[in-house]
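**Student:** This is final-v3.tsv (TSV, C-alpha atoms).
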chain	number	residue	atom	x	y	z
A	1	MET	CA	26.69	17.35	-19.33
A	2	LYS	CA	27.61	15.36	-16.24
A	3	TYR	CA	24.71	14.19	-14.07
A	4	PHE	CA	24.83	12.83	-10.52
A	5	LEU	CA	21.63	11.10	-9.38
A	6	ILE	CA	20.63	9.63	-6.00
A	7	ALA	CA	17.85	7.08	-5.56
A	8	GLY	CA	17.60	5.17	-2.29
A	9	GLU	CA	15.03	2.45	-3.04
A	10	ALA	CA	13.44	0.33	-5.76
A	11	SER	CA	10.85	2.86	-6.94
A	12	GLY	CA	13.51	5.56	-7.12
A	13	ASP	CA	15.70	3.25	-9.18
A	14	LEU	CA	12.87	2.86	-11.70
A	15	HIS	CA	12.17	6.60	-11.89
A	16	GLY	CA	15.89	7.33	-12.09
A	17	ALA	CA	16.35	4.86	-14.94
A	18	ASN	CA	13.50	6.43	-16.93
A	19	LEU	CA	14.93	9.89	-16.36
A	20	ILE	CA	18.42	8.78	-17.42
A	21	ALA	CA	16.99	7.33	-20.64
A	22	GLU	CA	15.32	10.65	-21.48
A	23	LEU	CA	18.38	12.73	-20.56
A	24	LYS	CA	20.48	10.55	-22.88
A	25	ARG	CA	17.92	11.03	-25.64
A	26	HIS	CA	18.15	14.81	-25.36
A	27	ASP	CA	21.82	15.13	-24.42
A	28	GLY	CA	24.18	13.08	-26.57
A	29	ALA	CA	27.14	13.99	-24.35
A	30	ALA	CA	25.47	12.87	-21.11
A	31	VAL	CA	27.68	11.15	-18.51
A	32	PHE	CA	26.20	9.67	-15.33
A	33	ARG	CA	27.23	8.71	-11.83
A	34	PHE	CA	24.67	7.65	-9.30
A	35	LEU	CA	23.55	5.93	-6.16
A	36	GLY	CA	20.79	3.58	-7.23
A	37	GLY	CA	20.10	0.14	-8.60
A	38	ASP	CA	20.21	-2.23	-11.52
A	39	LEU	CA	17.74	-0.32	-13.70
A	40	MET	CA	19.80	2.87	-13.48
A	41	MET	CA	22.93	0.84	-14.14
A	42	HIS	CA	21.39	-0.62	-17.29
A	43	GLN	CA	20.34	2.77	-18.66
A	44	SER	CA	23.54	4.61	-17.77
A	45	ASP	CA	26.08	1.88	-18.61
A	46	ALA	CA	27.73	2.68	-15.28
A	47	GLN	CA	28.03	0.91	-11.94
A	48	PRO	CA	26.28	2.46	-8.91
A	49	ALA	CA	28.62	4.11	-6.43
A	50	VAL	CA	26.34	2.50	-3.82
A	51	HIS	CA	23.48	0.10	-4.60
A	52	TYR	CA	20.15	1.10	-3.08
A	53	SER	CA	19.86	-2.33	-1.43
A	54	ARG	CA	22.59	-1.10	0.95
A	55	MET	CA	20.70	2.13	1.67
A	56	ALA	CA	17.05	1.21	2.26
A	57	PHE	CA	16.86	1.19	6.05
A	58	MET	CA	13.40	1.86	7.43
A	59	GLY	CA	12.68	3.45	10.82
A	60	VAL	CA	14.83	5.04	13.49
A	61	VAL	CA	15.83	1.73	15.09
A	62	ASN	CA	17.08	0.21	11.85
A	63	VAL	CA	18.94	3.37	10.91
A	64	LEU	CA	20.69	3.35	14.30
A	65	LYS	CA	21.50	-0.35	14.00
A	66	ASN	CA	23.10	0.32	10.62
A	67	ALA	CA	24.65	3.68	11.50
A	68	GLY	CA	28.08	2.58	10.30
A	69	LYS	CA	26.75	1.65	6.85
A	70	VAL	CA	24.75	4.88	6.63
A	71	LEU	CA	27.78	7.03	7.49
A	72	LYS	CA	29.92	5.12	5.01
A	73	THR	CA	27.34	5.72	2.30
A	74	PHE	CA	27.28	9.46	3.07
A	75	LYS	CA	31.07	9.57	2.87
A	76	THR	CA	31.13	7.68	-0.43
A	77	CYS	CA	28.46	9.89	-1.95
A	78	LYS	CA	30.17	13.13	-0.95
A	79	GLN	CA	33.53	11.98	-2.28
A	80	GLN	CA	31.95	10.87	-5.57
A	81	ILE	CA	30.41	14.33	-6.03
A	82	LEU	CA	33.72	16.05	-5.26
A	83	ASP	CA	35.60	13.80	-7.66
A	84	PHE	CA	33.01	13.87	-10.45
A	85	GLN	CA	32.15	17.59	-10.24
A	86	PRO	CA	28.78	17.16	-11.95
A	87	ASP	CA	27.03	19.86	-13.89
A	88	ILE	CA	23.85	19.03	-12.05
A	89	VAL	CA	22.73	16.92	-9.08
A	90	ILE	CA	19.33	15.21	-9.26
A	91	LEU	CA	17.69	13.90	-6.08
A	92	ILE	CA	14.92	11.30	-6.19
A	93	ASP	CA	12.73	11.06	-3.05
A	94	TYR	CA	14.69	9.56	-0.05
A	95	PRO	CA	14.64	12.88	1.87
A	96	SER	CA	16.59	12.07	5.05
A	97	PHE	CA	19.64	11.25	2.96
A	98	ASN	CA	19.09	13.53	-0.02
A	99	LEU	CA	18.51	16.76	1.88
A	100	ARG	CA	21.80	16.27	3.70
A	101	ILE	CA	23.53	15.77	0.37
A	102	ALA	CA	21.83	18.88	-1.02
A	103	LYS	CA	23.23	20.88	1.90
A	104	PHE	CA	26.68	19.42	1.28
A	105	VAL	CA	26.55	20.35	-2.42
A	106	LYS	CA	25.48	23.92	-1.71
A	107	ASN	CA	28.12	24.35	1.00
A	108	THR	CA	31.00	22.92	-1.06
A	109	SER	CA	29.99	23.64	-4.68
A	110	PRO	CA	27.27	26.29	-4.67
A	111	HIS	CA	27.53	26.69	-8.45
A	112	ILE	CA	26.12	23.17	-9.02
A	113	PRO	CA	22.32	23.23	-9.47
A	114	VAL	CA	20.39	20.79	-7.28
A	115	ILE	CA	17.15	19.43	-8.72
A	116	TYR	CA	14.55	17.43	-6.79
A	117	TYR	CA	12.50	14.95	-8.85
A	118	ILE	CA	9.93	12.85	-6.92
A	119	LEU	CA	9.54	15.21	-3.98
A	120	PRO	CA	9.55	14.23	-0.30
A	121	LYS	CA	6.10	14.08	1.22
A	122	ILE	CA	6.60	16.94	3.61
A	123	TRP	CA	3.00	18.02	3.01
A	124	ALA	CA	2.05	15.01	5.15
A	125	TRP	CA	4.46	15.64	8.01
A	126	LYS	CA	7.87	17.12	8.75
A	127	THR	CA	6.84	20.42	7.22
A	128	PHE	CA	9.90	21.90	8.92
A	129	ARG	CA	11.88	20.47	6.00
A	130	ILE	CA	10.47	23.20	3.78
A	131	ARG	CA	13.28	25.46	5.03
A	132	GLN	CA	15.87	23.00	3.75
A	133	MET	CA	14.03	22.63	0.46
A	134	LYS	CA	13.96	26.39	-0.09
A	135	ARG	CA	17.59	26.83	0.92
A	136	TYR	CA	19.27	23.93	-0.88
A	137	ILE	CA	17.03	23.01	-3.84
A	138	ASP	CA	17.11	25.09	-7.01
A	139	ARG	CA	14.11	23.57	-8.76
A	140	MET	CA	11.43	20.97	-7.96
A	141	TYR	CA	9.59	18.73	-10.40
A	142	SER	CA	6.47	17.17	-8.94
A	143	ILE	CA	4.72	13.93	-9.91
A	144	LEU	CA	1.60	14.58	-7.82
A	145	PRO	CA	-0.75	17.34	-9.00
A	146	PHE	CA	-1.79	18.43	-5.49
A	147	GLU	CA	1.84	19.09	-4.46
A	148	THR	CA	2.17	22.25	-6.51
A	149	ASP	CA	-0.35	24.20	-4.42
A	150	PHE	CA	1.40	23.15	-1.21
A	151	TYR	CA	4.90	24.15	-2.29
A	152	LYS	CA	3.79	27.37	-3.98
A	153	LYS	CA	2.43	28.55	-0.61
A	154	TYR	CA	6.10	28.66	0.44
A	155	ASP	CA	7.27	30.40	-2.75
A	156	CYS	CA	9.10	27.33	-4.05
A	157	GLU	CA	9.98	26.92	-7.73
A	158	ILE	CA	7.90	23.86	-8.63
A	159	GLU	CA	6.27	22.36	-11.71
A	160	TYR	CA	4.07	19.30	-12.17
A	161	VAL	CA	5.51	17.08	-14.92
A	162	GLY	CA	3.09	14.15	-14.81
A	163	ASN	CA	3.25	10.87	-12.94
A	164	PRO	CA	5.73	8.10	-13.83
A	165	SER	CA	3.25	5.42	-12.86
A	166	VAL	CA	1.11	6.54	-15.79
A	167	ASP	CA	4.09	5.86	-18.05
A	168	SER	CA	5.00	2.50	-16.57
A	169	VAL	CA	1.42	1.23	-16.65
A	170	ALA	CA	0.96	2.52	-20.22
A	171	ALA	CA	4.13	0.67	-21.25
A	172	PHE	CA	2.90	-2.58	-19.72
A	173	THR	CA	1.47	-5.24	-22.00
A	174	GLN	CA	-0.09	-8.32	-20.46
A	175	GLN	CA	2.12	-11.24	-21.47
A	176	TYR	CA	-0.18	-14.16	-20.78
A	177	THR	CA	-3.80	-15.12	-21.20
A	178	GLU	CA	-5.55	-16.36	-18.09
A	179	ASN	CA	-4.81	-19.99	-18.94
A	180	GLU	CA	-1.19	-19.23	-19.85
A	181	PHE	CA	-0.73	-17.37	-16.57
A	182	ILE	CA	-2.09	-20.32	-14.59
A	183	THR	CA	0.13	-22.78	-16.48
A	184	ARG	CA	3.32	-20.72	-16.35
A	185	TYR	CA	3.18	-20.24	-12.58
A	186	ASN	CA	1.57	-23.59	-11.73
A	187	LEU	CA	-1.49	-21.94	-10.21
A	188	GLU	CA	-4.92	-23.24	-9.36
A	189	ASN	CA	-7.81	-22.45	-11.66
A	190	LYS	CA	-9.24	-19.86	-9.25
A	191	PRO	CA	-9.51	-16.06	-9.29
A	192	VAL	CA	-6.53	-14.26	-7.76
A	193	ILE	CA	-6.21	-12.12	-4.66
A	194	ALA	CA	-2.91	-10.25	-5.10
A	195	LEU	CA	-0.80	-9.26	-2.09
A	196	LEU	CA	1.59	-6.33	-2.48
A	197	ALA	CA	3.47	-5.98	0.80
A	198	GLY	CA	6.06	-3.33	-0.16
A	199	SER	CA	9.65	-3.18	-1.38
A	200	ARG	CA	11.65	-3.16	1.88
A	201	ARG	CA	12.36	-6.25	3.94
A	202	GLN	CA	11.21	-4.65	7.18
A	203	GLU	CA	7.80	-3.61	5.87
A	204	ILE	CA	7.24	-6.92	4.09
A	205	ALA	CA	8.01	-8.84	7.29
A	206	LYS	CA	5.56	-6.67	9.26
A	207	CYS	CA	2.75	-6.60	6.70
A	208	LEU	CA	2.67	-9.82	4.70
A	209	PRO	CA	1.68	-12.34	7.42
A	210	THR	CA	-1.42	-10.29	8.34
A	211	MET	CA	-2.33	-9.74	4.69
A	212	PHE	CA	-1.98	-13.47	4.01
A	213	GLU	CA	-4.06	-14.48	7.02
A	214	ALA	CA	-6.88	-12.29	5.75
A	215	ALA	CA	-6.71	-13.42	2.12
A	216	ILE	CA	-6.46	-17.16	2.74
A	217	TYR	CA	-9.90	-17.05	4.38
A	218	PHE	CA	-11.50	-16.77	0.90
A	219	SER	CA	-11.13	-20.38	-0.21
A	220	ASP	CA	-12.73	-19.83	-3.63
A	221	PHE	CA	-9.78	-17.58	-4.50
A	222	GLN	CA	-6.02	-18.17	-4.59
A	223	VAL	CA	-3.41	-15.97	-2.97
A	224	VAL	CA	-0.58	-14.67	-5.14
A	225	VAL	CA	2.22	-12.64	-3.58
A	226	ALA	CA	3.88	-10.12	-5.90
A	227	GLY	CA	7.54	-10.27	-4.87
A	228	ALA	CA	9.61	-7.10	-4.67
A	229	PRO	CA	12.71	-6.49	-6.80
A	230	SER	CA	16.03	-7.62	-5.31
A	231	ILE	CA	14.34	-9.76	-2.61
A	232	GLY	CA	14.59	-13.51	-3.12
A	233	LYS	CA	12.19	-16.40	-2.59
A	234	GLU	CA	13.99	-17.51	0.58
A	235	PHE	CA	12.98	-14.34	2.41
A	236	TYR	CA	9.29	-14.84	1.61
A	237	ASP	CA	9.43	-18.51	2.56
A	238	LYS	CA	10.92	-17.56	5.92
A	239	ILE	CA	8.26	-15.03	6.89
A	240	LEU	CA	5.38	-17.08	5.41
A	241	PRO	CA	5.99	-20.72	6.37
A	242	ASP	CA	2.37	-21.51	5.38
A	243	LYS	CA	2.82	-22.52	1.74
A	244	ARG	CA	-0.77	-21.92	0.59
A	245	PHE	CA	0.29	-19.10	-1.71
A	246	ALA	CA	2.10	-18.55	-4.99
A	247	LEU	CA	5.08	-16.21	-5.15
A	248	ILE	CA	5.78	-14.41	-8.41
A	249	LEU	CA	8.95	-12.35	-8.40
A	250	ASN	CA	9.61	-9.17	-10.40
A	251	ASP	CA	6.32	-9.27	-12.32
A	252	THR	CA	3.94	-7.18	-10.24
A	253	TYR	CA	1.95	-5.71	-13.11
A	254	GLU	CA	1.33	-9.16	-14.60
A	255	VAL	CA	0.12	-10.40	-11.21
A	256	LEU	CA	-2.20	-7.40	-10.82
A	257	SER	CA	-3.52	-7.71	-14.36
A	258	HIS	CA	-4.83	-11.19	-13.51
A	259	ALA	CA	-6.14	-10.28	-10.04
A	260	ARG	CA	-9.76	-9.89	-9.03
A	261	ALA	CA	-8.72	-7.67	-6.12
A	262	ALA	CA	-5.59	-6.71	-4.17
A	263	ILE	CA	-4.43	-6.00	-0.64
A	264	VAL	CA	-1.76	-3.32	-0.96
A	265	ASN	CA	0.73	-1.81	1.45
A	266	SER	CA	0.53	1.97	1.23
A	267	GLY	CA	2.93	3.50	-1.29
A	268	THR	CA	3.30	3.89	-5.05
A	269	ALA	CA	1.77	0.44	-5.52
A	270	THR	CA	-1.65	1.78	-4.49
A	271	LEU	CA	-1.61	4.18	-7.43
A	272	GLU	CA	-0.29	1.52	-9.84
A	273	THR	CA	-3.06	-0.82	-8.71
A	274	ALA	CA	-5.62	1.90	-9.42
A	275	LEU	CA	-4.16	2.64	-12.85
A	276	LEU	CA	-4.37	-1.08	-13.66
A	277	ASN	CA	-8.04	-0.93	-12.59
A	278	ILE	CA	-7.84	-3.45	-9.76
A	279	PRO	CA	-10.05	-2.91	-6.66
A	280	GLN	CA	-7.98	-2.73	-3.48
A	281	VAL	CA	-7.85	-2.27	0.25
A	282	VAL	CA	-4.82	-0.33	1.52
A	283	VAL	CA	-2.96	-1.33	4.67
A	284	TYR	CA	-0.08	0.12	6.65
A	285	TYR	CA	1.70	-1.31	9.66
A	286	VAL	CA	2.48	1.07	12.50
A	287	PRO	CA	3.83	-0.13	15.85
A	288	ALA	CA	2.04	0.87	19.06
A	289	GLY	CA	-1.43	0.70	17.50
A	290	LYS	CA	-3.92	3.16	18.95
A	291	PHE	CA	-1.23	5.32	20.49
A	292	ALA	CA	0.38	5.70	17.06
A	293	VAL	CA	-2.94	6.84	15.61
A	294	PHE	CA	-3.30	9.36	18.45
A	295	VAL	CA	0.17	10.72	17.63
A	296	LYS	CA	-0.64	10.68	13.90
A	297	ASN	CA	-3.71	12.84	14.45
A	298	ILE	CA	-1.49	15.42	16.14
A	299	PHE	CA	1.43	15.46	13.71
A	300	ILE	CA	0.21	14.20	10.33
A	301	LYS	CA	-1.17	17.04	8.22
A	302	VAL	CA	-3.28	15.02	5.77
A	303	LYS	CA	-6.46	13.01	6.19
A	304	TYR	CA	-5.38	10.05	4.04
A	305	ILE	CA	-2.21	8.02	3.47
A	306	SER	CA	-2.87	6.33	0.12
A	307	LEU	CA	-2.09	8.16	-3.10
A	308	VAL	CA	-5.44	7.11	-4.51
A	309	ASN	CA	-7.35	9.03	-1.83
A	310	LEU	CA	-4.87	11.91	-1.70
A	311	ILE	CA	-5.06	12.62	-5.43
A	312	LEU	CA	-8.85	12.87	-5.44
A	313	GLY	CA	-9.06	14.42	-1.98
A	314	ARG	CA	-11.70	12.00	-0.72
A	315	LYS	CA	-12.03	8.39	0.38
A	316	ILE	CA	-11.97	6.03	-2.58
A	317	VAL	CA	-10.24	3.04	-1.04
A	318	THR	CA	-10.41	1.85	2.56
A	319	GLU	CA	-7.23	2.48	4.58
A	320	LEU	CA	-6.48	0.12	7.48
A	321	ILE	CA	-3.70	1.68	9.53
A	322	ALA	CA	-2.01	0.70	12.80
A	323	HIS	CA	-4.48	-1.07	15.14
A	324	LEU	CA	-7.06	-1.21	12.31
A	325	PHE	CA	-4.68	-3.34	10.22
A	326	THR	CA	-5.99	-6.76	11.26
A	327	PRO	CA	-7.05	-9.91	9.37
A	328	SER	CA	-10.68	-9.49	10.45
A	329	ASN	CA	-10.86	-5.87	9.23
A	330	ILE	CA	-9.35	-6.80	5.87
A	331	ARG	CA	-11.75	-9.75	5.52
A	332	ALA	CA	-14.69	-7.43	6.15
A	333	GLN	CA	-13.65	-5.30	3.14
A	334	MET	CA	-12.87	-8.05	0.66
A	335	PRO	CA	-16.41	-9.11	-0.42
A	336	ASN	CA	-17.07	-5.57	-1.68
A	337	LEU	CA	-13.98	-5.88	-3.88
A	338	LEU	CA	-14.21	-9.49	-5.02
A	339	PHE	CA	-17.82	-9.53	-6.14
A	340	ASP	CA	-19.92	-7.34	-8.42
A	341	THR	CA	-20.99	-4.80	-5.83
A	342	LYS	CA	-21.89	-1.14	-5.88
A	343	GLU	CA	-18.66	-0.42	-3.94
A	344	ARG	CA	-16.54	-2.16	-6.55
A	345	ARG	CA	-18.20	-0.32	-9.44
A	346	GLU	CA	-17.83	3.05	-7.70
A	347	MET	CA	-14.14	2.41	-7.01
A	348	LEU	CA	-13.49	1.62	-10.67
A	349	ALA	CA	-15.32	4.79	-11.74
A	350	CYS	CA	-13.13	6.83	-9.39
A	351	TYR	CA	-10.02	5.20	-10.87
A	352	ALA	CA	-11.00	6.70	-14.24
A	353	GLU	CA	-11.18	10.12	-12.57
A	354	ILE	CA	-7.65	9.63	-11.20
A	355	ARG	CA	-6.33	8.86	-14.69
A	356	ARG	CA	-7.84	12.11	-15.99
A	357	LYS	CA	-6.39	14.10	-13.11
A	358	LEU	CA	-2.85	12.73	-13.57
A	359	GLY	CA	-2.81	13.60	-17.26
A	360	PRO	CA	-0.97	11.98	-20.16
A	361	LYS	CA	2.16	9.85	-20.04
A	362	GLY	CA	5.59	11.40	-20.55
A	363	ALA	CA	6.63	12.43	-17.03
A	364	ALA	CA	10.30	11.50	-17.39
A	365	LYS	CA	10.48	13.13	-20.82
A	366	ARG	CA	9.01	16.39	-19.54
A	367	ALA	CA	11.25	16.31	-16.45
A	368	ALA	CA	14.37	15.78	-18.60
A	369	GLN	CA	13.43	18.64	-20.91
A	370	LYS	CA	12.84	20.98	-18.00
A	371	ILE	CA	16.08	19.94	-16.30
A	372	LEU	CA	18.06	20.63	-19.47
A	373	GLU	CA	16.27	23.93	-20.00
A	374	PHE	CA	16.98	24.98	-16.44
A	375	ALA	CA	20.62	23.89	-16.62
A	376	GLY	CA	21.02	25.77	-19.88
A	377	ASN	CA	19.65	28.94	-18.35
A	378	LYS	CA	22.01	28.56	-15.39
A	379	ASN	CA	24.99	28.01	-17.66
A	380	PRO	CA	24.32	30.00	-20.89
Before we go any further, please render this structure as structure tokens.
**Tutor:**
Amino acid sequence: MKYFLIAGEASGDLHGANLIAELKRHDGAAVFRFLGGDLMMHQSDAQPAVHYSRMAFMGVVNVLKNAGKVLKTFKTCKQQILDFQPDIVILIDYPSFNLRIAKFVKNTSPHIPVIYYILPKIWAWKTFRIRQMKRYIDRMYSILPFETDFYKKYDCEIEYVGNPSVDSVAAFTQQYTENEFITRYNLENKPVIALLAGSRRQEIAKCLPTMFEAAIYFSDFQVVVAGAPSIGKEFYDKILPDKRFALILNDTYEVLSHARAAIVNSGTATLETALLNIPQVVVYYVPAGKFAVFVKNIFIKVKYISLVNLILGRKIVTELIAHLFTPSNIRAQMPNLLFDTKERREMLACYAEIRRKLGPKGAAKRAAQKILEFAGNKNP
């Protein structure tokens, strides 16, 4: 079969690559076109129609500033679908773009099934998008167990297939001993505080300086920044002119595996940090501080923002959002994480509960099997 996939950022590229690998394993005649990144390119042996690095614009202002690029990407994607005439379209997160493409597919080629894998977080806000999901999406495959109850309330066809982070963490093998890690990256012989500031340039620029200012206070520890894929050293050097940190690119799991604790920008990384059993404090930059929190309390439908807390439905990790995201607030949390405290032990115990709740590895495999089963039923 012919598959057209769309992933608009680094995490989507990873999930898309794993899904492509499983589709190839189960469908020997599989042919792929996609919007995505290097990982999808490697698995599919095809070039991306558009690389996600040209798509990942964050916030209304940045989208407007890059309106020409966004419109060009839409045009390219639509033309690729028309030319390729896929047997199935698979959308991976990135809802503002993907829901528009889903509408286009259903308006121009209604016979093509549209699958959503890695669902948009409309349970948090923008619940109005449920109408688009019901109208334009044929089947949804969820990676978060609590999503199924939400979508089923709206009579959506949804199944939980497991979480890809379980797979990626299970596949990880620590490459270096502690001494080898220190030697390879020319580090000090001190415990590590890991900083994970996100995957987009805009969020890294907003978050990392504050995270660093908090972490550097703990002089008995060393600060290691886990660099995001496709973002070079020069960018980090520009936003962090203070050189009292080590930057390790494209090796986040290795960094975390050697960390005593982590400061993590909200996103998939919070769950990965939990699965790797590293205590953490979660941060999230929001402009306009207290006013933003006031607006959040009106429009946001969930109590928490981190996946760790959302999955268990209670506070496991501290979340410092908007005006609470300050160096002093982060510093106040760090001793509970860095030292052998009751809080640290309780957090690690809750991490074990998360692993049980997410279930076994094999999310991409189960998703691929269900996609093929569904496609087969649509085209007997």
**Student:** Step by step: start from the point (28.9, 12.9, -12.7) in the file's coordinates, keep every protein, DNA or RNA residue that has an atom no farther than 12 Å from it, count all atoms listed in the file, and write the set as a ChimeraX atom specification.
**Tutor:** /A:1-6,29-35,44,46,48-49,77-90,112
**Student:** So how many Å separate atom CA of A:Glu203 and atom CA of A:Ile239, to one decimal?
**Tutor:**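 The value is 11.5 Å.
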**Student:** Between A:Arg135, A:Arg201, A:Arg129, A:Lys206, which one has atoms that come closest to A:Ser53, using only C-alpha atoms?
**Tutor:**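 Closest to A:Ser53 of all the choices is A:Arg201.
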**Student:** Tell me, as a PyMOL selection string, which residues lie within 7 Å of stretch 143-150 of chain A, counting all atoms listed in the file; anything in the same chain fewer than 3 positions away does not count.
**Tutor:** chain A and resi 118+123+153+158-163+311+358
**Student:** Quick one: of A:Ala367, A:Glu373, A:Met211, A:Ala124, who's nearest to A:Ser306, counting only C-alpha atoms?
**Tutor:**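 Result for the nearest residue to A:Ser306: A:Ala124.
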**Student:** Need to verify the contact set: A:Phe172, 9 Å, all atoms listed in the file, exclusion of same-chain residues closer than 5 positions in sequence. Can you return it as a list in words?
**Tutor:** Asp167, Tyr253 and Glu254 of chain A
**Student:** Which value, in Å to one decimal, gives the distance between atom CA of A:Val192 and atom CA of A:Val223?
**Tutor:** 6.0 Å
**Student:** Check the smallest atom-to-atom distance from each of A:Gly362, A:Phe212, A:Phe218, A:Val105 to A:Ala332 using all atoms listed in the file, then report the winner.
**Tutor:**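 That would be A:Phe218, the residue with the smallest distance to A:Ala332.
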**Student:** At what distance in Å, to one decimal, does atom CA of A:Gln174 lie from atom CA of A:Ser219?
**Tutor:**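 For atom CA of A:Ser219 relative to atom CA of A:Gln174, the distance reads 26.0 Å.
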